[in-house]
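What follows is the content of input_31.cif (mmCIF, C-alpha atoms).
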```cif
data_data
#
loop_
_atom_site.label_atom_id
_atom_site.label_comp_id
_atom_site.auth_asym_id
_atom_site.auth_seq_id
_atom_site.Cartn_x
_atom_site.Cartn_y
_atom_site.Cartn_z
CA MET A 1 7.61 -22.64 8.87
CA ARG A 2 7.81 -18.91 8.11
CA LYS A 3 7.01 -17.88 4.54
CA TYR A 4 9.95 -15.58 3.90
CA TYR A 5 8.80 -14.80 0.39
CA ILE A 6 5.70 -13.09 1.82
CA ASP A 7 7.99 -10.86 3.89
CA ASN A 8 10.16 -10.11 0.85
CA ILE A 9 7.20 -9.30 -1.42
CA ARG A 10 5.81 -6.95 1.25
CA ILE A 11 9.20 -5.30 1.68
CA LEU A 12 9.58 -4.68 -2.06
CA CYS A 13 6.02 -3.34 -2.32
CA ILE A 14 6.63 -0.89 0.53
CA LEU A 15 10.01 0.22 -0.83
CA LEU A 16 8.23 0.83 -4.14
CA LEU A 17 6.22 3.50 -2.31
CA ILE A 18 9.12 5.94 -2.46
CA PRO A 19 9.52 6.07 -6.28
CA PHE A 20 5.72 5.81 -6.60
CA HIS A 21 4.91 8.82 -4.41
CA ALA A 22 7.87 10.76 -5.81
CA ALA A 23 6.30 10.22 -9.24
CA MET A 24 3.07 11.82 -7.96
CA ILE A 25 4.93 15.14 -7.98
CA PHE A 26 5.11 14.85 -11.79
CA ASN A 27 1.68 13.34 -12.58
CA SER A 28 -0.31 14.61 -15.54
CA PHE A 29 -3.81 13.46 -14.52
CA GLY A 30 -4.76 16.75 -12.90
CA GLU A 31 -3.92 15.95 -9.28
CA ASN A 32 -1.76 18.67 -7.75
CA TRP A 33 -0.79 16.41 -4.85
CA TYR A 34 1.00 18.29 -2.03
CA ILE A 35 3.59 19.77 -4.39
CA HIS A 36 3.83 19.65 -8.14
CA SER A 37 6.55 20.01 -10.73
CA GLN A 38 6.33 19.65 -14.50
CA GLU A 39 3.88 17.11 -15.85
CA ASN A 40 5.52 13.96 -17.17
CA SER A 41 3.77 11.14 -19.04
CA ALA A 42 6.36 8.52 -18.03
CA ALA A 43 5.79 9.27 -14.32
CA THR A 44 2.02 9.13 -14.88
CA LEU A 45 2.13 5.75 -16.64
CA PHE A 46 4.44 4.44 -13.91
CA ILE A 47 1.73 5.34 -11.36
CA VAL A 48 -1.11 3.96 -13.51
CA GLY A 49 0.71 0.68 -14.18
CA ILE A 50 1.56 0.02 -10.53
CA TYR A 51 -1.34 1.11 -8.35
CA PRO A 52 -4.06 -1.48 -9.23
CA TRP A 53 -2.11 -4.62 -8.25
CA TRP A 54 0.27 -3.07 -5.75
CA MET A 55 -2.15 -1.60 -3.21
CA SER A 56 -4.56 -4.54 -3.48
CA GLY A 57 -1.60 -6.88 -3.16
CA LEU A 58 -0.67 -5.39 0.22
CA PHE A 59 -4.15 -6.26 1.52
CA VAL A 60 -3.82 -9.80 0.11
CA LEU A 61 -0.46 -10.22 1.84
CA ALA A 62 -2.00 -8.96 5.10
CA GLY A 63 -4.77 -11.54 4.78
CA MET A 64 -2.25 -14.32 4.14
CA SER A 65 -0.15 -13.21 7.11
CA SER A 66 -3.21 -13.22 9.38
CA VAL A 67 -3.50 -16.99 8.87
CA TYR A 68 -0.04 -17.51 10.30
CA ALA A 69 -0.57 -14.86 13.00
CA LEU A 70 -3.70 -16.60 14.30
CA LYS A 71 -1.87 -19.91 14.49
CA LYS A 72 0.39 -18.36 17.14
CA ARG A 73 -2.11 -16.05 18.87
CA THR A 74 -5.55 -16.12 20.38
CA VAL A 75 -8.18 -13.82 18.90
CA ARG A 76 -7.72 -11.48 21.86
CA GLN A 77 -3.95 -11.34 21.28
CA TYR A 78 -4.54 -10.75 17.55
CA ILE A 79 -6.86 -7.81 18.29
CA LYS A 80 -4.37 -6.35 20.77
CA GLU A 81 -1.61 -6.63 18.18
CA ARG A 82 -3.80 -4.87 15.58
CA PHE A 83 -4.31 -1.98 18.01
CA LEU A 84 -0.63 -1.66 18.86
CA LYS A 85 0.76 -2.26 15.35
CA LEU A 86 -1.88 -0.44 13.28
CA PHE A 87 -4.29 1.83 15.16
CA LEU A 88 -1.82 3.44 17.58
CA PRO A 89 0.72 4.17 14.78
CA PHE A 90 -2.15 5.58 12.69
CA LEU A 91 -3.12 8.01 15.47
CA SER A 92 0.52 8.89 16.12
CA ALA A 93 1.16 9.63 12.45
CA LEU A 94 -2.06 11.64 12.20
CA ALA A 95 -0.93 13.85 15.09
CA LEU A 96 2.83 14.06 14.47
CA LEU A 97 3.60 13.41 10.79
CA ILE A 98 0.63 14.01 8.49
CA PRO A 99 -0.02 17.73 9.27
CA VAL A 100 3.27 18.73 7.64
CA GLN A 101 1.98 17.60 4.23
CA PRO A 102 -1.06 19.96 4.01
CA TYR A 103 1.10 22.68 5.58
CA ILE A 104 3.60 22.44 2.73
CA ALA A 105 0.76 22.17 0.18
CA ASP A 106 -0.69 25.42 1.54
CA GLN A 107 2.70 27.10 1.26
CA PHE A 108 3.40 25.73 -2.21
CA PHE A 109 0.05 26.46 -3.86
CA ASN A 110 -1.51 29.21 -1.72
CA ASN A 111 1.54 31.13 -0.42
CA TYR A 112 0.57 30.49 3.18
CA HIS A 113 2.92 32.49 5.44
CA GLY A 114 1.95 31.34 8.92
CA ASN A 115 4.08 28.92 10.92
CA TYR A 116 3.49 25.20 11.30
CA PHE A 117 1.66 25.42 14.64
CA GLU A 118 -0.61 28.22 13.43
CA HIS A 119 -1.52 26.05 10.46
CA LEU A 120 -2.84 23.26 12.69
CA SER A 121 -6.11 25.17 13.07
CA ILE A 122 -6.49 24.94 9.28
CA PHE A 123 -5.43 21.29 9.18
CA PHE A 124 -8.10 20.23 11.66
CA THR A 125 -10.94 21.45 9.44
CA LEU A 126 -12.47 19.19 6.83
CA THR A 127 -13.00 19.82 3.11
CA ASP A 128 -12.36 17.03 0.60
CA TRP A 129 -10.07 14.72 2.66
CA THR A 130 -7.12 15.07 0.25
CA GLY A 131 -5.20 17.71 2.20
CA TYR A 132 -4.03 19.27 -1.05
CA ASP A 133 -5.75 22.52 -0.03
CA GLY A 134 -4.12 22.57 3.42
CA HIS A 135 -7.04 21.02 5.28
CA PHE A 136 -7.49 17.69 7.03
CA THR A 137 -6.35 14.42 5.50
CA PRO A 138 -5.25 11.01 6.78
CA GLY A 139 -2.68 11.15 3.97
CA HIS A 140 -1.11 7.85 3.06
CA THR A 141 -2.08 6.37 6.46
CA TRP A 142 -5.54 5.64 5.06
CA PHE A 143 -4.04 2.20 4.27
CA ILE A 144 -3.15 1.63 7.95
CA LEU A 145 -6.66 2.64 9.05
CA TYR A 146 -8.35 0.49 6.37
CA LEU A 147 -6.17 -2.49 7.27
CA PHE A 148 -7.01 -2.08 10.97
CA LEU A 149 -10.77 -1.86 10.33
CA ILE A 150 -10.79 -4.70 7.80
CA SER A 151 -8.77 -6.92 10.16
CA LEU A 152 -11.36 -6.40 12.91
CA ILE A 153 -14.36 -6.78 10.60
CA SER A 154 -12.90 -10.03 9.25
CA ILE A 155 -12.43 -11.70 12.64
CA PRO A 156 -15.91 -13.36 12.72
CA PHE A 157 -15.27 -14.83 9.26
CA MET A 158 -11.83 -16.06 10.29
CA VAL A 159 -13.16 -17.63 13.50
CA TRP A 160 -16.02 -19.24 11.57
CA ASN A 161 -13.57 -20.74 9.09
CA TYR A 162 -11.37 -22.05 11.90
CA ASN A 163 -14.27 -23.78 13.65
CA ARG A 164 -16.16 -25.25 10.70
CA GLU A 165 -15.52 -28.84 9.70
CA LYS A 166 -15.95 -28.47 5.92
CA LYS A 167 -13.17 -26.24 4.62
CA ILE A 168 -12.07 -25.12 1.16
CA ILE A 169 -9.91 -27.81 -0.45
CA GLY A 170 -6.78 -26.29 -1.94
CA THR A 171 -6.21 -29.09 -4.46
CA LYS A 172 -9.56 -28.28 -6.09
CA MET A 173 -8.55 -24.66 -6.75
CA THR A 174 -7.54 -24.95 -10.40
CA MET A 175 -5.92 -22.05 -12.24
CA LEU A 176 -9.22 -21.30 -13.98
CA LYS A 177 -11.04 -21.05 -10.65
CA LEU A 178 -8.26 -18.88 -9.24
CA LEU A 179 -8.36 -16.53 -12.22
CA LEU A 180 -12.14 -16.14 -12.01
CA LEU A 181 -11.94 -14.95 -8.40
CA PHE A 182 -11.34 -11.41 -9.71
CA VAL A 183 -15.15 -11.16 -9.81
CA ILE A 184 -15.35 -11.00 -5.99
CA PRO A 185 -13.46 -7.68 -5.50
CA LEU A 186 -15.14 -6.34 -8.68
CA ILE A 187 -18.57 -6.86 -7.07
CA ALA A 188 -17.39 -5.61 -3.66
CA THR A 189 -15.71 -2.41 -4.89
CA PRO A 190 -18.87 -0.19 -4.80
CA ILE A 191 -19.22 -0.92 -1.05
CA LEU A 192 -18.00 2.10 0.97
CA ASN A 193 -15.96 3.43 -1.93
CA ILE A 194 -14.48 6.59 -0.41
CA GLY A 195 -12.57 8.74 -2.89
CA GLY A 196 -11.71 5.76 -5.07
CA LYS A 197 -10.47 3.71 -2.08
CA SER A 198 -13.05 1.00 -1.46
CA VAL A 199 -13.38 -0.62 1.95
CA GLY A 200 -15.41 -3.42 0.35
CA GLY A 201 -12.93 -4.02 -2.45
CA PHE A 202 -9.88 -4.09 -0.19
CA ALA A 203 -11.73 -6.28 2.34
CA ALA A 204 -12.40 -8.73 -0.49
CA TYR A 205 -8.68 -8.86 -1.32
CA PHE A 206 -7.83 -9.33 2.38
CA LEU A 207 -10.27 -12.24 2.69
CA LEU A 208 -9.10 -13.82 -0.58
CA GLY A 209 -5.61 -13.72 0.86
CA TYR A 210 -6.82 -15.31 4.08
CA PHE A 211 -9.11 -18.01 2.68
CA ILE A 212 -7.57 -18.88 -0.70
CA LEU A 213 -4.03 -17.66 -1.31
CA SER A 214 -2.77 -18.76 2.10
CA MET A 215 -3.33 -22.43 1.18
CA GLU A 216 -0.12 -24.29 0.45
CA GLU A 217 -1.63 -26.11 -2.55
CA VAL A 218 -2.64 -22.79 -4.12
CA GLN A 219 0.82 -21.30 -3.53
CA VAL A 220 2.47 -24.35 -5.14
CA ARG A 221 0.16 -24.00 -8.16
CA LEU A 222 0.95 -20.30 -8.52
CA GLU A 223 4.66 -21.07 -8.33
CA LYS A 224 4.23 -23.69 -11.06
CA TYR A 225 2.54 -21.19 -13.39
CA CYS A 226 4.49 -18.11 -12.29
CA MET A 227 6.22 -17.50 -15.63
CA PRO A 228 3.02 -17.50 -17.78
CA LEU A 229 1.33 -15.38 -15.12
CA GLY A 230 4.27 -12.97 -15.14
CA ILE A 231 4.11 -12.61 -18.94
CA VAL A 232 0.34 -11.96 -18.84
CA TRP A 233 0.94 -9.47 -16.02
CA ILE A 234 3.34 -7.46 -18.19
CA ILE A 235 0.91 -7.58 -21.13
CA MET A 236 -1.90 -6.37 -18.85
CA ILE A 237 0.24 -3.44 -17.68
CA VAL A 238 0.65 -2.38 -21.32
CA ILE A 239 -3.07 -2.86 -22.06
CA TYR A 240 -4.20 -0.96 -18.97
CA CYS A 241 -1.83 1.96 -19.61
CA SER A 242 -3.04 2.08 -23.22
CA LEU A 243 -6.65 2.19 -22.06
CA TYR A 244 -5.74 5.03 -19.71
CA GLN A 245 -4.12 6.99 -22.54
CA SER A 246 -7.16 6.44 -24.74
CA GLY A 247 -9.36 7.94 -22.02
CA MET A 248 -11.59 4.88 -21.81
CA LYS A 249 -13.80 4.70 -18.69
CA GLY A 250 -16.88 2.84 -17.57
CA ILE A 251 -17.65 -0.78 -16.75
CA PHE A 252 -15.25 -2.22 -19.34
CA SER A 253 -12.36 -0.24 -17.90
CA ASP A 254 -13.37 -1.35 -14.37
CA ILE A 255 -13.39 -5.00 -15.42
CA VAL A 256 -9.98 -4.68 -17.08
CA GLN A 257 -8.59 -2.98 -13.96
CA ASN A 258 -9.86 -5.78 -11.69
CA VAL A 259 -8.56 -8.53 -14.00
CA PHE A 260 -5.21 -6.71 -14.20
CA SER A 261 -5.09 -6.29 -10.42
CA TRP A 262 -5.86 -9.95 -9.72
CA ILE A 263 -3.45 -11.36 -12.31
CA GLY A 264 -0.75 -9.06 -10.97
CA ILE A 265 -1.34 -10.38 -7.44
CA LEU A 266 -1.31 -14.04 -8.55
CA ALA A 267 1.87 -13.46 -10.56
CA MET A 268 3.50 -11.59 -7.68
CA ILE A 269 2.84 -14.44 -5.26
CA GLY A 270 3.93 -17.14 -7.72
CA LEU A 271 7.13 -15.33 -8.70
CA GLY A 272 7.80 -14.45 -5.08
CA LYS A 273 7.52 -18.08 -4.00
CA ARG A 274 9.85 -19.10 -6.83
CA PHE A 275 12.53 -16.43 -6.46
CA LEU A 276 12.13 -14.61 -3.12
CA ASN A 277 11.81 -17.39 -0.55
CA PHE A 278 15.00 -16.55 1.34
CA ASN A 279 16.01 -14.99 4.64
CA ASN A 280 19.16 -12.92 4.28
CA CYS A 281 20.42 -9.62 5.71
CA PHE A 282 18.00 -7.70 3.47
CA THR A 283 14.99 -9.60 4.84
CA LYS A 284 16.16 -9.45 8.45
CA TYR A 285 16.63 -5.68 8.31
CA PHE A 286 13.59 -4.61 6.29
CA ALA A 287 10.95 -7.07 7.58
CA PRO A 288 10.53 -5.21 10.90
CA ALA A 289 11.24 -1.86 9.19
CA SER A 290 8.59 -2.08 6.47
CA PHE A 291 5.60 -0.63 8.35
CA PRO A 292 7.60 2.21 9.97
CA ILE A 293 8.98 3.01 6.50
CA TYR A 294 5.41 3.14 5.22
CA ILE A 295 4.41 5.54 8.00
CA PHE A 296 7.43 7.86 7.65
CA HIS A 297 8.14 7.99 3.93
CA GLN A 298 5.49 10.31 2.47
CA SER A 299 5.96 13.25 4.83
CA ILE A 300 9.68 13.07 4.07
CA ILE A 301 9.03 12.94 0.30
CA VAL A 302 6.81 16.05 0.53
CA ILE A 303 9.44 17.98 2.52
CA VAL A 304 12.33 16.89 0.27
CA GLY A 305 10.28 17.51 -2.87
CA TYR A 306 9.31 20.99 -1.69
CA VAL A 307 13.00 21.90 -1.36
CA ILE A 308 14.26 20.21 -4.54
CA VAL A 309 11.48 21.26 -6.94
CA GLN A 310 12.16 24.93 -6.20
CA ARG A 311 15.95 24.64 -6.53
CA VAL A 312 16.60 22.10 -9.31
CA GLN A 313 15.46 22.75 -12.87
CA LEU A 314 16.10 19.46 -14.70
CA LEU A 315 13.14 17.12 -14.21
CA SER A 316 15.13 13.86 -14.22
CA ILE A 317 17.53 15.21 -11.58
CA GLN A 318 14.57 16.38 -9.52
CA TYR A 319 13.06 12.89 -9.50
CA ILE A 320 16.29 10.98 -8.83
CA SER A 321 17.28 13.41 -6.06
CA ILE A 322 13.88 13.16 -4.39
CA VAL A 323 13.88 9.33 -4.50
CA ILE A 324 17.43 8.87 -3.17
CA SER A 325 17.22 11.61 -0.52
CA SER A 326 13.80 10.46 0.70
CA PHE A 327 14.93 6.84 0.97
CA LEU A 328 18.02 7.74 2.99
CA LEU A 329 16.16 10.14 5.28
CA THR A 330 13.37 7.60 5.84
CA ILE A 331 15.92 4.98 6.91
CA ILE A 332 17.64 7.52 9.18
CA MET A 333 14.30 8.42 10.78
CA TYR A 334 13.51 4.73 11.32
CA GLU A 335 16.92 4.15 12.90
CA LEU A 336 16.44 7.10 15.24
CA CYS A 337 12.88 6.17 16.25
CA LYS A 338 13.66 2.53 16.94
CA ARG A 339 16.30 3.63 19.48
CA ILE A 340 13.83 5.66 21.55
CA ALA A 341 11.30 3.80 23.71
CA VAL A 342 8.50 6.37 23.22
CA THR A 343 8.72 6.47 19.43
CA ARG A 344 9.06 2.68 19.28
CA PHE A 345 5.76 2.43 21.13
CA LEU A 346 3.99 5.19 19.17
CA PHE A 347 4.92 3.85 15.73
CA GLY A 348 4.74 0.12 16.45
CA ILE A 349 8.45 -0.49 15.93
CA LYS A 350 9.91 -3.78 17.10
CA ARG A 351 13.08 -3.73 19.18
#
```
As structure tokens, how would this structure be written, given the file I've shared?
Amino acid sequence: MRKYYIDNIRILCILLLIPFHAAMIFNSFGENWYIHSQENSAATLFIVGIYPWWMSGLFVLAGMSSVYALKKRTVRQYIKERFLKLFLPFLSALALLIPVQPYIADQFFNNYHGNYFEHLSIFFTLTDWTGYDGHFTPGHTWFILYLFLISLISIPFMVWNYNREKKIIGTKMTMLKLLLLFVIPLIATPILNIGGKSVGGFAAYFLLGYFILSMEEVQVRLEKYCMPLGIVWIIMIVIYCSLYQSGMKGIFSDIVQNVFSWIGILAMIGLGKRFLNFNNCFTKYFAPASFPIYIFHQSIIVIVGYVIVQRVQLLSIQYISIVISSFLLTIIMYELCKRIAVTRFLFGIKR
């Protein structure tokens, strides 16, 4: 039986990308991003309060979904699907969508006057990977690349788990044991930590999703305790944002971030199972659209933001206009691409 609440959680997380990345235009933590308007503390705290559980949660959901995917596919079919759904769209976005972001950043911050195609020679040179200076970046598609690599790296573990006789017993996973699992990504985070995006940490979340959170008994337990988890989640958001404002860093801050991230994920799954386990028009439309929306949205936000920031003065109107316009244009782009065979293939869009 399909777990519709997993689809709906993923959809909401991906739709959250648009207000999240629009808020990056107004951040006050010293990151120019591809364009920048006035600094705003509310936008900054919005980013700080969301990122730890939200990005990690997408890897957990991918791990959970892999359990159900491998029940319907052989390992060879699973690998082929990963190539077509993740790696090919990553390469397509890197060639066709991502270069516009550093191009606009170069125009916005450095007054670059060359055309888009002339700028490609600048784009395909490497500096710090961010692209904020006009040079090479994978942009937001780092998530697609990480997910592809982690999916392949995890296959031996997934096959081993499938073949072994002694498996993890879901009924023995008490809430205390579940809560203490935050230690695993905490330990794994230093492994291949590239620019604050850890392959080891996200792989740990993926595998926790596959081995632990995919178990029906664990999901039932999280649903049972979803309200207390949700309350603690909100409290942790306040605590983590307060720590950020105080400037606290170091191991204590790292521990708090990992606890916050893990509790947020557990609460998200429990609340999702309780309230989002439905299949309506919203789910049917956005479930196949979620990954294309992920791929398209940020380049559109950068273009829209570049236009609006220079023409609208009031900060609140800037933000609202960018969010609404970017959402509508992203949906339009998805609708256009899914009607063309070539773009369907390039960006992994289902018919």
Which residue is closest to Val183 in chain A? Choose from A:Tyr132, A:Leu16, A:Ile237, A:Asp254 and count all atoms listed in the file.
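The answer is A:Asp254, which sits nearest to Val183 in chain A.
Nearest-residue note for Phe182 in chain A: choosing from A:Asn32, A:Ser316, A:Asn258, A:Thr343, the minimum distance belongs to A:Asn258, counting all atoms listed in the file.
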Between A:Phe345, A:Phe46, A:Phe202, A:Tyr78, smallest distance to Val159 in chain A by only C-alpha atoms belongs to A:Tyr78
* To do: Could you give me, as a PyMOL selection string, the residues within 10 Å of range 93-100 of chain A, counting only C-alpha atoms and dropping anything in the same chain fewer than 6 positions from it?
  => chain A and resi 34+87+106+116-117+119-120+122-124+131+134-142+295-300+302-303+346-347
Note to self: Here's the selection I'm unsure about, the PyMOL selection byres ((chain A and resi 24) around 8); applied to the file above, which residues does it give, as number ranges by chain?
What the structure shows: A: 20-23, 25-27, 33, 36, 43-44, 47
| task | Identify, on the basis of only C-alpha atoms, every residue whose closest approach to Ile269 in chain A does not exceed 7 Å; exclude the query and any residue fewer than 4 positions from it along the same chain; express the result as an NGL selection string. | result | :A and (222 or 265 or 273)
Nearest residue to Glu335 in chain A out of A:Ile320, A:Ile251, A:Leu314, A:Ile293, using all atoms listed in the file?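 Comparing A:Ile320, A:Ile251, A:Leu314, A:Ile293 against Glu335 in chain A, the winner is A:Ile293.
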Residues matched by the PyMOL selection byres ((chain A and resi 349) around 9) as a PyMOL selection string:
chain A and resi 85+288-289+291-292+334+337-338+343-348+350-351
Counting only C-alpha atoms, closest pick from A:Arg164, A:Asn40, A:Pro185, A:Ser121 relative to Ser261 in chain A is A:Pro185
Q | Point-to-point distance from CA of Gly201 in chain A to CA of Val67 in chain A, Å rounded to tenths | A |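 CA of Gly201 in chain A sits 19.6 Å away from CA of Val67 in chain A.
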Taken to one decimal, the CA of Arg82 in chain A-CA of Leu152 in chain A distance is 8.2 Å
Problem - Residue nearest Ile231 in chain A among A:Gly196, A:Met268, A:Tyr306, A:Met215 (counting all atoms listed in the file) - result: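 Checking each of A:Gly196, A:Met268, A:Tyr306, A:Met215 against Ile231 in chain A, counting all atoms listed in the file, the winner is A:Met268.
Between CA of Ile14 in chain A and CA of Ile308 in chain A there is a distance of 23.0 Å.
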Leaving out Thr283 in chain A and any residue of its chain fewer than 5 positions from it, which residues lie within 12 Å of it when counting all atoms listed in the file, given as a ChimeraX atom specification?
-> /A:3-12,276-278,288-290
Q | Pro52 in chain A environment, 9 Å, all atoms listed in the file, sequence neighbours closer than 5 positions dropped, as a count of residues only | A | 7
Practice item. List every protein, DNA or RNA residue that has an atom no more than 10 Å from (-9.7, -2.4, -2.5) in the file's coordinate frame, counting all atoms listed in the file, and report them as a PyMOL selection string. Key: chain A and resi 52-53+55-60+143+146+185-186+188-191+193+196-206+258+261
Provide range 23-38 of chain A rebuilt to N, CA and C atoms, formatted as a short mmCIF file (atom, residue, chain, number, x, y, z; two decimals), in the frame of the given file.
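So selection06.cif came out as:
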```cif
data_model
loop_
_atom_site.label_atom_id
_atom_site.label_comp_id
_atom_site.auth_asym_id
_atom_site.auth_seq_id
_atom_site.Cartn_x
_atom_site.Cartn_y
_atom_site.Cartn_z
N ALA A 23 6.87 10.03 -7.90
CA ALA A 23 6.30 10.22 -9.24
C ALA A 23 5.02 11.04 -9.21
N MET A 24 4.30 11.02 -8.07
CA MET A 24 3.07 11.82 -7.96
C MET A 24 3.36 13.30 -8.13
N ILE A 25 4.56 13.73 -7.83
CA ILE A 25 4.93 15.14 -7.98
C ILE A 25 4.90 15.55 -9.45
N PHE A 26 5.00 14.57 -10.35
CA PHE A 26 5.11 14.85 -11.79
C PHE A 26 3.91 14.33 -12.57
N ASN A 27 2.82 13.95 -11.89
CA ASN A 27 1.68 13.34 -12.58
C ASN A 27 1.02 14.33 -13.53
N SER A 28 0.36 13.77 -14.54
CA SER A 28 -0.31 14.61 -15.54
C SER A 28 -1.80 14.30 -15.60
N PHE A 29 -2.37 13.75 -14.50
CA PHE A 29 -3.81 13.46 -14.52
C PHE A 29 -4.59 14.47 -13.68
N GLY A 30 -4.01 15.65 -13.50
CA GLY A 30 -4.76 16.75 -12.90
C GLY A 30 -4.81 16.76 -11.39
N GLU A 31 -3.95 15.98 -10.74
CA GLU A 31 -3.92 15.95 -9.28
C GLU A 31 -2.69 16.70 -8.81
N ASN A 32 -2.90 17.84 -8.17
CA ASN A 32 -1.76 18.67 -7.75
C ASN A 32 -0.89 18.00 -6.70
N TRP A 33 -1.45 17.06 -5.98
CA TRP A 33 -0.79 16.41 -4.85
C TRP A 33 -0.39 17.50 -3.86
N TYR A 34 0.62 17.30 -3.04
CA TYR A 34 1.00 18.29 -2.03
C TYR A 34 1.99 19.31 -2.59
N ILE A 35 2.75 18.88 -3.59
CA ILE A 35 3.59 19.77 -4.39
C ILE A 35 3.53 19.26 -5.81
N HIS A 36 3.91 20.09 -6.75
CA HIS A 36 3.83 19.65 -8.14
C HIS A 36 4.93 20.31 -8.96
N SER A 37 5.54 19.50 -9.81
CA SER A 37 6.55 20.01 -10.73
C SER A 37 5.97 19.97 -12.14
N GLN A 38 6.80 19.77 -13.13
CA GLN A 38 6.33 19.65 -14.50
C GLN A 38 5.60 18.33 -14.69
#
```
